[in-house]
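*Asks:* Quick one, start-v6.txt (compact mmCIF, C-alpha atoms and all ligand atoms):
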```
# COMPACT_ATOMS: atom_id res chain seq x y z
CA MET A 217 6.38 -14.10 -7.25
CA SER A 218 3.96 -12.20 -9.43
CA LEU A 219 1.92 -9.83 -7.32
CA THR A 220 -0.50 -8.80 -10.02
CA THR A 221 -3.40 -11.16 -10.00
CA ALA A 222 -6.68 -11.13 -11.83
CA ALA A 223 -8.62 -13.63 -9.69
CA THR A 224 -10.32 -12.04 -6.71
CA LEU A 225 -13.04 -13.09 -4.33
CA ARG A 226 -15.52 -10.56 -3.00
CA VAL A 227 -17.25 -11.58 0.21
CA VAL A 228 -20.71 -10.15 0.82
CA LEU A 229 -22.26 -10.30 4.25
CA TYR A 230 -25.91 -10.10 3.36
CA GLU A 231 -28.63 -9.00 5.78
CA GLY A 232 -31.97 -8.47 4.12
CA THR A 233 -34.85 -10.45 2.68
CA ASP A 234 -34.52 -14.13 3.69
CA SER A 235 -31.43 -13.42 5.78
CA PRO A 236 -32.16 -11.84 9.17
CA PRO A 237 -29.52 -9.53 10.69
CA LEU A 238 -26.79 -10.99 12.85
CA ALA A 239 -26.47 -9.98 16.49
CA SER A 240 -24.22 -6.90 16.85
CA THR A 241 -21.26 -8.74 18.40
CA ASP A 242 -21.51 -11.63 15.91
CA ARG A 243 -21.48 -9.26 12.94
CA PHE A 244 -18.48 -7.35 14.28
CA SER A 245 -16.55 -10.57 15.03
CA ALA A 246 -17.33 -11.98 11.59
CA LEU A 247 -16.21 -8.78 9.82
CA THR A 248 -13.02 -8.62 11.89
CA ALA A 249 -12.17 -12.28 11.29
CA LEU A 250 -12.65 -11.92 7.53
CA LEU A 251 -10.58 -8.72 7.34
CA GLU A 252 -7.81 -10.29 9.41
CA LYS A 253 -7.65 -13.10 6.85
CA GLY A 254 -7.18 -10.49 4.12
CA PHE A 255 -10.67 -10.57 2.55
CA ALA A 256 -12.53 -7.64 1.04
CA VAL A 257 -15.99 -7.67 2.59
CA THR A 258 -19.16 -5.87 1.59
CA ARG A 259 -21.78 -5.53 4.25
CA ALA A 260 -25.03 -5.33 2.28
CA VAL A 261 -28.43 -4.37 3.66
CA ALA A 262 -31.58 -3.91 1.60
CA GLY A 263 -31.50 -0.60 -0.28
CA GLY A 264 -27.93 0.28 0.75
CA ARG A 265 -25.22 1.55 -1.63
CA VAL A 266 -22.03 -0.37 -2.18
CA ALA A 267 -19.50 -0.66 -4.99
CA PRO A 268 -20.90 -2.32 -8.12
CA HIS A 269 -20.25 -5.92 -9.06
CA GLU A 270 -17.43 -6.94 -11.31
CA ARG A 271 -16.32 -10.08 -13.02
CA GLY A 272 -14.98 -12.69 -10.64
CA SER A 273 -16.18 -14.75 -7.73
CA LEU A 274 -18.67 -13.63 -5.16
CA LEU A 275 -19.27 -15.36 -1.85
CA VAL A 276 -22.56 -14.39 -0.24
CA LEU A 277 -22.79 -15.09 3.49
CA GLY A 278 -26.18 -14.97 5.18
CA GLN A 279 -28.44 -16.57 7.74
CA PHE A 280 -30.35 -18.48 5.09
CA ALA A 281 -31.56 -21.15 7.51
CA GLY A 282 -31.25 -23.86 4.92
CA ARG A 283 -32.98 -21.93 2.10
CA THR A 284 -30.16 -21.25 -0.36
CA PRO A 285 -31.21 -18.24 -2.43
CA GLU A 286 -31.18 -18.08 -6.19
CA ALA A 287 -28.61 -15.76 -7.72
CA GLU A 288 -30.37 -13.06 -9.74
CA GLY A 289 -29.04 -10.56 -12.25
CA VAL A 290 -25.61 -12.15 -12.27
CA THR A 291 -23.45 -10.88 -15.12
CA ALA A 292 -21.46 -13.18 -17.36
CA GLY A 293 -18.05 -14.00 -15.91
CA THR A 294 -19.27 -13.90 -12.31
CA THR A 295 -19.68 -16.99 -10.18
CA VAL A 296 -21.75 -16.77 -7.04
CA HIS A 297 -21.31 -19.02 -4.02
CA PHE A 298 -23.73 -18.98 -1.10
CA GLN A 299 -22.82 -19.94 2.44
CA ASP A 300 -25.39 -20.34 5.17
CA ILE A 301 -23.77 -18.97 8.33
CA THR A 302 -26.64 -19.71 10.70
CA GLY A 303 -25.03 -20.78 13.98
CA LEU A 304 -21.42 -20.43 12.73
CA ASP A 305 -18.93 -18.51 14.84
CA ALA A 306 -16.51 -15.96 13.33
CA ALA A 307 -13.62 -18.41 12.98
CA ARG A 308 -15.76 -20.91 11.09
CA ILE A 309 -17.12 -18.17 8.83
CA ALA A 310 -13.54 -17.17 7.95
CA ASP A 311 -12.66 -20.85 7.34
CA ALA A 312 -15.62 -21.16 4.99
CA ALA A 313 -14.43 -18.11 3.05
CA GLU A 314 -10.92 -19.56 2.83
CA ALA A 315 -12.35 -22.81 1.44
CA VAL A 316 -14.10 -20.88 -1.36
CA GLN A 317 -10.93 -18.86 -1.93
CA ALA A 318 -8.97 -22.09 -2.47
CA GLU A 319 -11.71 -23.56 -4.66
CA THR A 320 -11.88 -20.51 -6.92
CA GLY A 321 -8.11 -20.00 -7.11
CA ALA A 322 -8.53 -16.43 -5.84
CA ALA A 323 -5.43 -14.60 -4.60
CA ARG A 324 -4.31 -15.38 -1.07
CA HIS A 325 -3.26 -12.46 1.09
CA GLY A 326 -0.81 -11.62 3.81
CA GLU A 327 2.22 -13.51 2.53
CA TRP A 328 4.09 -10.27 1.98
CA LYS A 329 4.09 -7.01 3.97
CA PRO A 330 2.88 -4.42 1.47
CA TRP A 331 5.86 -2.10 1.66
CA PHE A 332 6.72 -0.33 -1.60
CA PRO A 333 7.25 3.17 -2.97
CA VAL A 334 4.11 5.05 -4.01
CA ILE A 335 4.85 7.95 -6.33
CA ASP A 336 3.05 11.28 -6.04
CA TYR A 337 2.93 12.29 -9.71
CA ASP A 338 1.75 15.79 -8.77
CA ARG A 339 5.25 16.30 -7.41
CA CYS A 340 7.41 13.97 -9.50
CA THR A 341 9.51 15.60 -12.24
CA ASN A 342 10.65 12.30 -13.78
CA CYS A 343 14.28 12.97 -12.91
CA MET A 344 15.08 9.24 -12.56
CA GLN A 345 17.16 9.64 -9.41
CA CYS A 346 15.16 6.94 -7.68
CA LEU A 347 15.70 4.57 -10.59
CA SER A 348 19.44 5.05 -10.59
CA PHE A 349 19.59 4.78 -6.80
CA CYS A 350 17.65 1.56 -6.22
CA LEU A 351 19.82 -1.54 -6.35
CA PHE A 352 16.91 -3.93 -6.24
CA GLY A 353 15.24 -3.13 -9.52
CA VAL A 354 12.03 -1.83 -7.95
CA TYR A 355 11.74 1.08 -10.41
CA GLY A 356 11.28 1.07 -14.14
CA VAL A 357 9.60 3.22 -16.76
CA ASP A 358 6.32 2.83 -18.62
CA GLU A 359 5.80 3.07 -22.39
CA GLN A 360 6.00 6.88 -22.15
CA ASN A 361 9.28 6.65 -20.24
CA LYS A 362 7.54 7.82 -17.11
CA ILE A 363 8.95 6.55 -13.83
CA GLN A 364 6.96 3.89 -12.03
CA ALA A 365 7.43 1.34 -9.27
CA GLN A 366 7.28 -2.00 -11.05
CA ASN A 367 8.63 -4.79 -8.89
CA HIS A 368 6.93 -3.96 -5.61
CA ASP A 369 7.93 -7.15 -3.84
CA ASN A 370 11.64 -6.53 -4.54
CA CYS A 371 11.44 -3.56 -2.18
CA LYS A 372 13.17 -4.07 1.17
CA THR A 373 10.61 -3.99 3.97
CA ASN A 374 10.80 -0.90 6.19
CA CYS A 375 13.51 0.72 4.07
CA PRO A 376 12.49 4.24 3.00
CA ALA A 377 15.92 5.07 1.50
CA CYS A 378 14.77 6.01 -2.00
CA SER A 379 12.25 8.51 -0.63
CA ARG A 380 15.24 10.41 0.71
CA VAL A 381 17.00 10.65 -2.62
CA CYS A 382 13.94 12.15 -4.30
CA PRO A 383 14.57 15.88 -4.67
CA GLU A 384 10.80 16.57 -4.83
CA ALA A 385 9.69 14.50 -1.80
CA ALA A 386 7.47 12.64 -4.25
CA ILE A 387 8.06 9.13 -2.93
CA MET A 388 5.76 7.86 -0.20
CA PHE A 389 5.67 4.71 1.87
CA PRO A 390 2.16 4.86 3.34
CA LYS A 391 3.10 2.50 6.17
CA TYR A 392 6.09 4.63 7.24
CA LYS A 393 5.97 6.18 10.71
CA ALA A 394 6.43 9.85 9.86
CA GLY A 395 5.56 12.53 7.35
CA PRO A 396 5.90 13.42 4.60
CA ILE A 397 7.05 9.92 3.63
CA ASN A 398 3.80 8.46 5.04
CA GLY A 399 1.74 10.69 2.74
CA ASP A 400 1.32 13.63 5.09
CA VAL A 401 1.50 17.09 3.52
CA VAL A 402 5.00 18.12 2.43
CA GLN A 403 6.13 21.12 4.46
CA ASP A 404 8.48 23.72 3.06
CA SER A 405 10.90 22.77 5.82
CA ASP A 406 10.91 19.16 4.57
CA MET A 407 12.31 20.32 1.27
CA GLY A 408 15.15 22.07 3.02
CA LYS A 409 15.92 19.24 5.37
CA GLU A 410 19.26 17.58 4.80
CA LYS A 411 17.59 14.23 5.49
CA MET A 412 15.21 14.63 2.58
CA LYS A 413 18.01 15.17 0.17
CA ILE A 414 20.36 12.39 1.12
CA ASP A 415 22.04 10.79 -1.78
CA ILE A 416 23.98 7.61 -1.51
CA SER A 417 27.30 9.33 -2.15
CA SER A 418 26.93 11.66 0.80
CA LEU A 419 25.90 8.75 2.99
CA LEU A 420 29.27 7.21 2.35
CA GLY A 421 31.10 10.48 2.62
CA GLY A 422 31.97 10.78 -1.05
CA ASP A 423 31.29 9.19 -4.37
CA VAL A 424 29.88 5.78 -3.61
CA TYR A 425 30.96 4.27 -6.85
CA SER A 426 34.58 5.25 -6.53
CA GLN A 427 34.49 4.35 -2.82
CA LEU A 428 33.23 0.92 -3.62
CA ARG A 429 35.72 0.54 -6.43
CA GLN A 430 38.57 1.54 -4.12
CA ARG A 431 37.38 -0.79 -1.42
CA SER A 432 37.05 -3.59 -3.87
CA ASP A 433 40.51 -2.93 -5.41
CA ALA A 434 42.07 -2.71 -1.97
CA ALA A 435 40.34 -5.88 -0.93
CA LYS A 436 41.48 -7.64 -4.07
CA ALA A 437 45.07 -6.58 -3.47
CA ARG A 438 44.95 -7.56 0.17
CA PHE A 439 43.24 -10.84 -0.30
CA SER A 440 44.46 -11.84 -3.71
CA LYS A 441 46.10 -14.97 -2.40
CA GLU A 442 43.85 -15.95 0.43
CA ARG A 443 40.58 -14.04 0.81
CA ASP A 444 39.79 -13.10 4.39
CA ASP A 445 36.00 -13.28 4.49
CA LYS A 446 35.75 -12.06 8.05
CA LYS A 447 37.71 -8.92 7.29
CA ALA A 448 35.73 -8.30 4.12
CA LEU A 449 32.52 -8.60 6.07
CA ALA A 450 33.77 -6.26 8.77
CA GLU A 451 34.64 -3.74 6.07
CA ARG A 452 31.18 -4.00 4.56
CA GLN A 453 29.53 -3.69 7.96
CA LYS A 454 31.48 -0.51 8.68
CA CYS A 455 30.31 0.98 5.43
CA LEU A 456 26.74 -0.13 5.96
CA THR A 457 26.52 1.18 9.51
CA LYS A 458 27.32 4.60 8.12
CA LEU A 459 24.45 4.20 5.68
CA ALA A 460 22.09 3.17 8.46
CA GLN A 461 23.00 6.16 10.61
CA GLY A 462 22.45 8.59 7.78
CA GLY A 463 19.05 7.49 6.63
CA ASP A 464 17.35 5.27 9.21
CA ILE A 465 17.69 2.22 7.01
CA PRO A 466 17.12 -1.00 8.94
CA MET A 467 20.32 -2.93 9.63
CA GLU A 468 18.90 -6.18 8.34
CA VAL A 469 18.23 -4.52 5.01
CA LEU A 470 21.81 -3.39 4.83
CA MET A 471 23.12 -6.79 5.79
CA ASN A 472 21.24 -8.24 2.85
CA LEU A 473 22.86 -5.91 0.37
CA PRO A 474 24.90 -7.74 -2.21
CA ALA A 475 28.70 -7.77 -2.23
CA PRO A 476 30.45 -4.57 -3.40
CA GLU A 477 31.15 -5.95 -6.89
CA GLU A 478 27.51 -6.86 -7.31
CA ILE A 479 26.45 -3.45 -5.97
CA LEU A 480 28.65 -1.84 -8.59
CA ARG A 481 27.22 -3.99 -11.35
CA ARG A 482 23.62 -3.25 -10.32
CA ALA A 483 24.34 0.44 -9.85
CA GLU A 484 25.77 0.62 -13.37
CA GLU A 485 22.74 -1.24 -14.70
CA ALA A 486 20.28 1.09 -12.94
CA LYS A 487 22.25 4.14 -14.06
CA ALA A 488 22.16 2.96 -17.67
CA LYS A 489 18.39 2.39 -17.44
CA ALA A 490 17.86 5.87 -16.01
CA GLN A 491 20.09 7.47 -18.64
CA ALA A 492 18.24 5.69 -21.45
CA ALA A 493 14.89 6.90 -20.06
CA LEU A 494 16.16 10.47 -19.70
CA ALA A 495 17.58 10.41 -23.22
CA ALA A 496 14.23 9.16 -24.56
CA GLN A 497 12.44 12.05 -22.77
CA THR A 498 14.50 14.67 -24.58
CA LYS A 499 13.87 13.17 -28.05
CA MET B 47 -31.14 7.74 0.50
CA PRO B 48 -30.23 7.03 -3.12
CA ASP B 49 -27.60 9.78 -3.29
CA ALA B 50 -25.81 8.97 -0.04
CA PRO B 51 -22.11 8.43 -0.67
CA ARG B 52 -20.71 4.93 -0.43
CA ILE B 53 -18.44 4.09 2.47
CA LEU B 54 -15.11 2.27 2.21
CA TYR B 55 -13.19 1.22 5.28
CA CYS B 56 -9.51 0.10 5.25
CA HIS B 57 -8.42 -2.24 8.05
CA CYS B 58 -4.67 -1.57 7.49
CA GLN B 59 -4.13 -5.22 8.30
CA TYR B 60 -0.43 -5.60 7.51
CA ALA B 61 1.06 -2.79 9.62
CA GLN B 62 0.52 -1.13 12.99
CA VAL B 63 0.36 2.44 11.76
CA VAL B 64 -3.33 3.05 12.44
CA PRO B 65 -4.06 3.02 16.19
CA PRO B 66 -5.92 -0.28 16.80
CA GLU B 67 -8.45 1.40 19.09
CA VAL B 68 -9.38 3.86 16.34
CA LYS B 69 -9.88 1.29 13.60
CA GLU B 70 -11.75 -1.02 15.97
CA ALA B 71 -14.10 1.77 17.07
CA VAL B 72 -14.73 2.91 13.48
CA LEU B 73 -15.43 -0.64 12.30
CA LYS B 74 -17.69 -1.31 15.29
CA GLN B 75 -19.76 1.79 14.63
CA LEU B 76 -20.02 0.96 10.95
CA SER B 77 -21.00 -2.59 11.81
CA ASP B 78 -23.72 -1.38 14.21
CA SER B 79 -24.95 1.41 11.94
CA GLY B 80 -27.33 -0.55 9.73
CA VAL B 81 -25.77 0.96 6.59
CA SER B 82 -24.18 -0.90 3.71
CA PHE B 83 -20.43 -0.44 3.28
CA ASP B 84 -17.33 -1.96 1.73
CA ALA B 85 -14.39 -2.99 3.91
CA VAL B 86 -10.97 -4.06 2.71
CA ALA B 87 -8.15 -5.67 4.65
CA ASP B 88 -5.36 -3.47 3.33
CA LEU B 89 -5.53 -0.94 0.51
CA CYS B 90 -1.74 -0.93 0.18
CA GLU B 91 -1.69 -4.65 -0.51
CA MET B 92 -4.50 -4.34 -3.06
CA SER B 93 -2.70 -1.47 -4.76
CA ALA B 94 0.53 -3.46 -5.09
CA ARG B 95 -1.43 -6.35 -6.61
CA GLN B 96 -3.33 -3.93 -8.86
CA ASP B 97 -6.42 -5.67 -7.58
CA PRO B 98 -9.21 -5.14 -10.12
CA SER B 99 -11.72 -4.55 -7.31
CA LEU B 100 -10.09 -1.17 -6.64
CA LYS B 101 -11.53 -0.06 -9.96
CA ARG B 102 -15.08 -0.80 -8.87
CA LEU B 103 -14.43 0.78 -5.48
CA ALA B 104 -13.21 3.94 -7.25
CA ASP B 105 -15.81 3.96 -10.00
CA GLY B 106 -19.07 3.67 -8.11
CA GLY B 107 -19.72 7.41 -7.58
CA PRO B 108 -19.27 9.59 -4.47
CA VAL B 109 -17.32 7.82 -1.76
CA LYS B 110 -16.04 8.38 1.75
CA ILE B 111 -12.95 6.41 2.68
CA ALA B 112 -11.69 5.71 6.20
CA ALA B 113 -7.97 4.99 5.78
CA CYS B 114 -4.92 7.23 6.22
CA PHE B 115 -3.44 10.33 4.54
CA PRO B 116 -5.47 11.52 1.53
CA ARG B 117 -2.32 12.00 -0.58
CA ALA B 118 -1.26 8.38 0.05
CA VAL B 119 -4.74 7.03 -0.70
CA LYS B 120 -5.02 9.05 -3.92
CA TRP B 121 -1.76 7.64 -5.32
CA LEU B 122 -2.36 4.10 -4.06
CA PHE B 123 -5.51 4.00 -6.20
CA HIS B 124 -3.62 5.57 -9.11
CA THR B 125 -0.91 2.89 -8.81
CA ALA B 126 -3.64 0.29 -9.33
CA LYS B 127 -4.92 2.15 -12.43
CA ALA B 128 -8.11 3.02 -10.55
CA ASP B 129 -8.08 6.79 -10.06
CA LEU B 130 -10.49 8.13 -7.46
CA PRO B 131 -12.84 10.94 -8.53
CA LEU B 132 -11.17 14.13 -7.27
CA ASP B 133 -14.45 15.98 -6.82
CA THR B 134 -16.45 13.27 -5.08
CA ALA B 135 -14.04 11.44 -2.81
CA GLU B 136 -13.33 12.26 0.82
CA VAL B 137 -10.63 10.50 2.82
CA LEU B 138 -10.84 10.32 6.60
CA ASN B 139 -7.51 9.77 8.25
CA MET B 140 -7.50 7.12 11.00
CA ARG B 141 -3.83 7.84 11.74
CA VAL B 142 -4.55 11.33 13.04
CA GLN B 143 -8.30 11.79 13.52
CA SER B 144 -10.36 10.37 16.36
CA ALA B 145 -12.92 7.60 15.84
CA GLU B 146 -15.69 10.08 16.76
CA GLU B 147 -14.62 12.60 14.12
CA ILE B 148 -14.33 9.88 11.51
CA THR B 149 -17.68 8.28 12.13
CA ALA B 150 -19.40 11.66 12.32
CA ALA B 151 -17.95 12.47 8.89
CA LEU B 152 -18.78 9.04 7.46
CA PHE B 153 -22.44 9.30 8.40
CA ASN B 154 -23.11 12.97 7.68
CA GLY B 155 -24.21 12.27 4.12
CA ALA B 156 -22.29 15.07 2.38
CA VAL B 157 -18.94 14.45 0.71
CA GLN B 158 -16.29 17.07 1.42
CA PRO B 159 -13.74 16.32 -1.28
CA ASN B 160 -10.21 16.51 0.10
CA LEU B 161 -7.93 14.64 -2.29
CA PRO B 162 -4.99 16.87 -3.24
CA LYS B 163 -5.42 18.47 -6.64
CA GLY B 164 -1.98 19.15 -7.98
CA LYS B 165 1.17 19.85 -6.01
CA VAL B 166 0.02 20.74 -2.51
CA THR B 167 2.11 22.69 -0.03
CA ALA B 168 1.51 23.13 3.66
CA THR B 169 -0.21 26.47 3.11
CA ASP B 170 -2.91 25.24 0.73
CA ALA B 171 -3.40 21.77 2.19
CA PRO B 172 -6.86 20.92 3.52
CA LYS B 173 -6.90 21.40 7.27
CA VAL B 174 -7.60 18.44 9.51
CA VAL B 175 -10.15 19.44 12.11
CA ALA B 176 -8.56 18.53 15.44
S1 LIG C 501 13.45 10.77 -7.68
FE1 LIG C 501 11.41 11.64 -7.24
S2 LIG C 501 11.08 13.25 -8.79
FE2 LIG C 501 12.77 11.94 -9.53
S3 LIG C 501 11.76 10.39 -10.81
FE3 LIG C 501 11.93 9.49 -8.77
S4 LIG C 501 9.95 10.01 -7.79
FE4 LIG C 501 10.14 11.36 -9.57
S1 LIG C 502 -4.08 2.82 2.74
FE1 LIG C 502 -3.30 3.63 4.66
S2 LIG C 502 -4.67 2.71 6.21
FE2 LIG C 502 -4.91 1.50 4.32
S3 LIG C 502 -3.42 -0.19 4.41
FE3 LIG C 502 -2.37 1.48 3.37
S4 LIG C 502 -1.30 2.60 5.05
FE4 LIG C 502 -2.87 1.34 6.01
```
For this file, produce the structure as structure tokens.

*Replies:*
Amino acid sequence: MSLTTAATLRVVLYEGTDSPPLASTDRFSALTALLEKGFAVTRAVAGGRVAPHERGSLLVLGQFAGRTPEAEGVTAGTTVHFQDITGLDAARIADAAEAVQAETGAARHGEWKPWFPVIDYDRCTNCMQCLSFCLFGVYGVDEQNKIQAQNHDNCKTNCPACSRVCPEAAIMFPKYKAGPINGDVVQDSDMGKEKMKIDISSLLGGDVYSQLRQRSDAAKARFSKERDDKKALAERQKCLTKLAQGGDIPMEVLMNLPAPEEILRRAEEAKAKAQAALAAQTK
Amino acid sequence: MPDAPRILYCHCQYAQVVPPEVKEAVLKQLSDSGVSFDAVADLCEMSARQDPSLKRLADGGPVKIAACFPRAVKWLFHTAKADLPLDTAEVLNMRVQSAEEITAALFNGAVQPNLPKGKVTATDAPKVVA
């Protein structure tokens, strides 16, 4: 899935000349219904200030009573749709917006919970610990070898683990329950907190890579003839429960981690990426 | 009021971190206020998609934003390559402030910039009026 999309639809609820205001409850219900369907809505009244127009599609909703207005001053690259909402309830207004969304090919919303790391570059020192930690390829570097979150939808919903490996408390998840991960001010005590400085090795009580290697070697030796999947799974669960206890990582996230061999492979890959970026910084 | 700041409201649609009664009350008062404003379903989702509309929301001059923590909002816009103006943006925090405080600030006409400028510690952070 590519999250980055160019096509957007701006919905304008227009109350002004040739479109009398809606009743208070109708306006509130219409706004709520549109927002719940993921739309960006501009409520425009005569003389009011809103964000400027941009290229893309515009859907203007108003009580036009059959007189569809002419679009004026429309810039090239913008298409304007009008929808008379006289007598329509909130649900039908939202349906009408969805129909225009489908027609214009504008991005649909709400298919993914927006959970991803947001980096505070005032704090970040570009140490690449997050990049070498993440097994899901969320992080990468830009042309200047600066850390950035790149594959947002690879991030495991509700898992704030990488924010805990960041030595600067620079990684936020705005939808997290508590500060400073939710964006609240970083307190001096946060920096000292053991929890803020968790690294994956300590979560497993040692060097994760050698632990995993040992586990994998032991498993190979034990199950070389006939692999006992149940036992292997139990082993993995034991290891993952430890992870969950140390860093409030949701169990379902841990259960979806790849097999130890794959973890090792990805960890090596991420480490190599981080090392290359660090080496490029010192050039 | 040609110089009145614009208003942007975030509905935080895809999580339950903003108390529903606060966002409902803020949206209701905006809706009843007779002023123009922009409302978005979820700034986080737009940021992840690098939605080009964030650029116009950031670029249109002084703005007051009802959303969550100013530090989070600042970097969500940055992630979408749409930096907010540090000197003319004020973020009201629906996670910790009351609907009354937020609407009073939204309608008072003057922007009190509160985006963090540089590495902020607890001592120099802007205080939230309780
Ligand atoms: S771990 Fe923190 S300081 Fe290091 S690169 Fe990642 S975000 Fe920046
Ligand atoms: S910016 Fe804050 S209030 Fe808006 S969707 Fe993200 S977490 Fe919710």

*Asks:* Could you list, as a PyMOL selection string, all the residues within 7 Å of ligand LIG 501 (chain C), counting only C-alpha atoms and all ligand atoms?

*Replies:* chain A and resi 335+339-347+363+381-387

*Asks:* Using all atoms listed in the file, what are the residues with an atom within 7 Å of ligand LIG 502 (chain C), set out as a list in words?

*Replies:*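 With all atoms listed in the file and a cut-off of 7 Å, ligand LIG 502 (chain C) is contacted by Pro390 and Lys391 of chain A; Cys56, His57, Cys58, Gln59, Tyr60, Ala61, Val63, Val64, Asp88, Leu89, Cys90, Glu91, Ala113, Cys114, Phe115, Ala118 and Val119 of chain B.
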
*Asks:* How many Å separate atom CA of Val261 of chain A from atom CA of Leu275 of chain A?

*Replies:*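 That distance, rounded to one decimal, is 15.3 Å.
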
*Asks:* Within 7 Å of chain A, which residues of chain B show up when using all atoms listed in the file, listed as a short mmCIF file (atom, residue, chain, number, x, y, z; two decimals) with C-alpha atoms, in the frame of the given file?

*Replies:*
```cif
data_model
loop_
_atom_site.label_atom_id
_atom_site.label_comp_id
_atom_site.auth_asym_id
_atom_site.auth_seq_id
_atom_site.Cartn_x
_atom_site.Cartn_y
_atom_site.Cartn_z
CA ARG B 52 -20.71 4.93 -0.43
CA HIS B 57 -8.42 -2.24 8.05
CA GLN B 59 -4.13 -5.22 8.30
CA TYR B 60 -0.43 -5.60 7.51
CA ALA B 61 1.06 -2.79 9.62
CA VAL B 63 0.36 2.44 11.76
CA LYS B 74 -17.69 -1.31 15.29
CA SER B 77 -21.00 -2.59 11.81
CA ASP B 78 -23.72 -1.38 14.21
CA VAL B 81 -25.77 0.96 6.59
CA SER B 82 -24.18 -0.90 3.71
CA PHE B 83 -20.43 -0.44 3.28
CA ASP B 84 -17.33 -1.96 1.73
CA ALA B 85 -14.39 -2.99 3.91
CA VAL B 86 -10.97 -4.06 2.71
CA ALA B 87 -8.15 -5.67 4.65
CA CYS B 90 -1.74 -0.93 0.18
CA GLU B 91 -1.69 -4.65 -0.51
CA ALA B 94 0.53 -3.46 -5.09
CA ARG B 95 -1.43 -6.35 -6.61
CA GLN B 96 -3.33 -3.93 -8.86
CA ASP B 97 -6.42 -5.67 -7.58
CA PRO B 98 -9.21 -5.14 -10.12
CA ARG B 102 -15.08 -0.80 -8.87
CA LEU B 103 -14.43 0.78 -5.48
CA GLY B 106 -19.07 3.67 -8.11
CA PHE B 115 -3.44 10.33 4.54
CA ARG B 117 -2.32 12.00 -0.58
CA ALA B 118 -1.26 8.38 0.05
CA TRP B 121 -1.76 7.64 -5.32
CA LEU B 122 -2.36 4.10 -4.06
CA GLY B 164 -1.98 19.15 -7.98
CA LYS B 165 1.17 19.85 -6.01
CA THR B 167 2.11 22.69 -0.03
CA ALA B 168 1.51 23.13 3.66
CA ALA B 171 -3.40 21.77 2.19
#
```

*Asks:* Quick one: residues within 12 Å of Ala495 of chain A, all atoms listed in the file, excluding same-chain residues fewer than 3 positions away - as a list in words?

*Replies:*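 Everything that qualifies: Asn342, Cys343, Met344, Asn361, Ala488, Lys489, Ala490, Gln491, Ala492, Thr498 and Lys499 of chain A.
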
*Asks:* How many Å separate atom CA of Gln279 of chain A from atom CA of Ile309 of chain A?

*Replies:*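 Atom CA of Ile309 of chain A lies at a distance of 11.5 Å from atom CA of Gln279 of chain A.
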
*Asks:* Asp129 of chain B: which residues within 9 Å, counting all atoms listed in the file, same-chain residues fewer than 4 positions away excluded, as a PDB file with C-alpha atoms, in the coordinates of the input?

*Replies:*
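So the final result, stored in part35.pdb, reads:
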```pdb
ATOM      1  CA  LEU B 100     -10.090  -1.170  -6.640  1.00  0.00           C
ATOM      2  CA  LYS B 101     -11.530  -0.060  -9.960  1.00  0.00           C
ATOM      3  CA  ALA B 104     -13.210   3.940  -7.250  1.00  0.00           C
ATOM      4  CA  ASP B 105     -15.810   3.960 -10.000  1.00  0.00           C
ATOM      5  CA  LYS B 120      -5.020   9.050  -3.920  1.00  0.00           C
ATOM      6  CA  TRP B 121      -1.760   7.640  -5.320  1.00  0.00           C
ATOM      7  CA  LEU B 122      -2.360   4.100  -4.060  1.00  0.00           C
ATOM      8  CA  PHE B 123      -5.510   4.000  -6.200  1.00  0.00           C
ATOM      9  CA  HIS B 124      -3.620   5.570  -9.110  1.00  0.00           C
ATOM     10  CA  THR B 125      -0.910   2.890  -8.810  1.00  0.00           C
TER      11      THR B 125
END
```

*Asks:* Give me, please, the distance in Å between atom CA of Leu152 of chain B and atom CA of Ala112 of chain B, quoted to one decimal.

*Replies:*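 Calculated distance between atom CA of Leu152 of chain B and atom CA of Ala112 of chain B is 7.9 Å.
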
*Asks:* Quick one: everything within 12 Å of Met140 of chain B, counting all atoms listed in the file, minus sequence neighbours fewer than 2 positions away in the same chain. Send it as a ChimeraX atom specification.

*Replies:* /B:55-58,62-73,111-116,137-138,142-149,151-152,174

*Asks:* Determine the nearest neighbour of Arg308 of chain A from the options A:Arg482, A:Ala249, A:Glu359, A:Met407, counting only C-alpha atoms.

*Replies:*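 Going through A:Arg482, A:Ala249, A:Glu359, A:Met407 one by one, the smallest distance to Arg308 of chain A is for A:Ala249.
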
*Asks:* Any idea what's packed within 8 Å of His297 of chain A, counting only C-alpha atoms, ignoring anything in its chain fewer than 4 positions away? Could you give it as a list in words?

*Replies:*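 Selected residues are Ser273, Leu274, Leu275, Val276 and Val316 of chain A.
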
*Asks:* Which neighbours of segment 158-161 of chain B fall inside 6 Å, counting all atoms listed in the file, when residues of the same chain fewer than 2 positions from it are skipped, and could you give them as a VMD selection string?

*Replies:* chain B and resid 116 132 to 136
